[in-house]
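**Q** Sending over a structure as structure tokens; questions will come in a sec.
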Amino acid sequence: MQPQRIVSREEWIKARKAHLAHEKELTRARDRLGAERRALPWVKVDKTYVFDGPDGQATLADLFAGRSQLVVQHFMFAPDWAEGCKSCSFWADGFERMIPHLAARDTTLVAISRAPLEKLAAFEARMGWTFEWLSSGSSDFNYDYGVSFTPEQIAQGTQAYNFGTSGFGIEDAPGISVFYRDQAGNIFHTYSCFARGLDMMNAAYHYLDLTPLGRHEEGLPYPMDWLRLRDAYKPASGAATCCRS
């Protein structure tokens, strides 16, 4: 962290207002991007997908729970993993309590992973989550929506992640997919995002972005190396931060 200028309150207000102008530019750009996103064309889902859930098997249509919009959080949890991805868990901690608010706006959110239901249920209980989490292990859903890759694809480097703009080194990847169901029961895929496109759904990162240190992930082996499952953090030692040590 670089030393900052210490100024009077008046000078701070002047600098803050200059930055506020840039924030407003970003807000207007985000509004335009949102409108453009909503205007994207749709793809009709003709394939039948069946998932294993707490109440038995469910189709994609069932997941809407009577609402017209469905958001699927592609949670990284491969069948042979002992626990869910710590990064996806970071996102899950954030959306866990959003479910009723989304439902009030005709939107259902569920998580889907390839791991068997028993593993999902055990990990969900450990983390204290209550959102609906289903297994797609018996279907092609994860592969069709670009978040799972075969061993052959990984070995050959042909796994096309994030619409082919990058690869991914392991079998499961994170993402979000959005679907719409019309009154006739037709289902349409309307949107998906991956990689840094998921940032906008992580409130904790945005809080950190407001602080002087920001995410302070520079110099780590990879950006989220610091992250742990929330029950795996060591108690705070009270030691000074690196910038003041």
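So you can find residues: chains in the structure tokens are A, B, ... in the order shown, residues in each start at 1, and ligands are numbered from 1 in order.
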Excluding Glu118 in chain A and its own-chain neighbours fewer than 4 positions away, which residues fall within 10 Å of it when counting only C-alpha atoms? Please give them as a PyMOL selection string.
**A** chain A and resi 52-54+122-124+135
**Q** Residues near Thr190 in chain A, anyone? I mean within 6 Å using only C-alpha atoms, not counting same-chain ones fewer than 2 positions away, as a CSV table (one decimal) with C-alpha atoms, in the first residue's frame.
**A**
```
chain,number,residue,atom,x,y,z
A,42,TRP,CA,-32.7,-16.4,-26.6
A,178,VAL,CA,-30.3,-17.9,-16.7
A,179,PHE,CA,-33.5,-19.3,-18.1
```
**Q** Please list as a PyMOL selection string every residue within 12 Å of range 167-173 of chain A, counting only C-alpha atoms and excluding residues in the same chain fewer than 2 positions away.
**A** chain A and resi 73-81+84-85+87-88+112-115+137+142-143+145-165+175-176+193-195+198
**Q** Quick check for you: according to DSSP on this backbone, which residues of range 17-189 of chain A are classed as alpha helix (DSSP H)? Reply as a ChimeraX atom specification.
**A** /A:17-38,60-63,86-95,99-103,117-127,141-144,151-156
**Q** Interatomic distance between CA of Lys44 in chain A and CA of Phe188 in chain A?
**A**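 That distance, rounded to one decimal, is 4.3 Å.
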**Q** Apply DSSP to the structure's backbone, then extract all residues of range 88-213 of chain A labelled strand (DSSP E) and return them as a ChimeraX atom specification.
**A** /A:107-113,133-135,175-181,187-194
**Q** Please write the residues from the selection above to a file, keeping C-alpha atoms, as a PDB file, in the first residue's frame.
**A**
```
ATOM      1  CA  THR A 107     -37.080 -15.487  -9.923  1.00  0.00           C
ATOM      2  CA  THR A 108     -35.832 -18.801  -8.532  1.00  0.00           C
ATOM      3  CA  LEU A 109     -32.154 -19.429  -7.799  1.00  0.00           C
ATOM      4  CA  VAL A 110     -30.704 -22.921  -7.419  1.00  0.00           C
ATOM      5  CA  ALA A 111     -27.217 -24.389  -7.330  1.00  0.00           C
ATOM      6  CA  ILE A 112     -26.289 -27.337  -9.527  1.00  0.00           C
ATOM      7  CA  SER A 113     -23.189 -29.546  -9.328  1.00  0.00           C
ATOM      8  CA  TRP A 133     -28.864 -27.675  -4.463  1.00  0.00           C
ATOM      9  CA  LEU A 134     -29.235 -30.404  -7.062  1.00  0.00           C
ATOM     10  CA  SER A 135     -26.996 -32.953  -8.726  1.00  0.00           C
ATOM     11  CA  GLY A 175     -20.559 -20.049 -14.013  1.00  0.00           C
ATOM     12  CA  ILE A 176     -24.111 -18.758 -13.923  1.00  0.00           C
ATOM     13  CA  SER A 177     -26.856 -19.525 -16.441  1.00  0.00           C
ATOM     14  CA  VAL A 178     -30.262 -17.858 -16.704  1.00  0.00           C
ATOM     15  CA  PHE A 179     -33.458 -19.335 -18.128  1.00  0.00           C
ATOM     16  CA  TYR A 180     -36.966 -18.057 -18.844  1.00  0.00           C
ATOM     17  CA  ARG A 181     -40.178 -20.099 -18.958  1.00  0.00           C
ATOM     18  CA  ILE A 187     -37.953 -22.817 -21.690  1.00  0.00           C
ATOM     19  CA  PHE A 188     -35.310 -20.495 -23.103  1.00  0.00           C
ATOM     20  CA  HIS A 189     -31.650 -19.993 -22.244  1.00  0.00           C
ATOM     21  CA  THR A 190     -31.195 -16.223 -22.044  1.00  0.00           C
ATOM     22  CA  TYR A 191     -27.762 -15.586 -20.517  1.00  0.00           C
ATOM     23  CA  SER A 192     -24.614 -17.154 -19.083  1.00  0.00           C
ATOM     24  CA  CYS A 193     -21.473 -15.663 -17.579  1.00  0.00           C
ATOM     25  CA  PHE A 194     -18.172 -17.104 -16.425  1.00  0.00           C
TER      26      PHE A 194
END
```
**Q** Which one is closest to Leu117 in chain A: A:Ser8, A:Gly56, A:Lys14, A:Phe95? Count only C-alpha atoms.
**A**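 Under the stated criterion, the closest residue is A:Gly56.
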**Q** Can you work out which one of A:Ala15, A:Ala82, A:Met200, A:Leu40 has the shortest atom-to-atom distance to Gly94 in chain A, counting only C-alpha atoms?
**A**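 Closest to Gly94 in chain A, using only C-alpha atoms: A:Met200.
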**Q** For Ser139 in chain A, which residue among A:Asn202, A:Thr27, A:Thr59, A:Gln2 is the nearest when counting only C-alpha atoms?
**A** A:Thr59
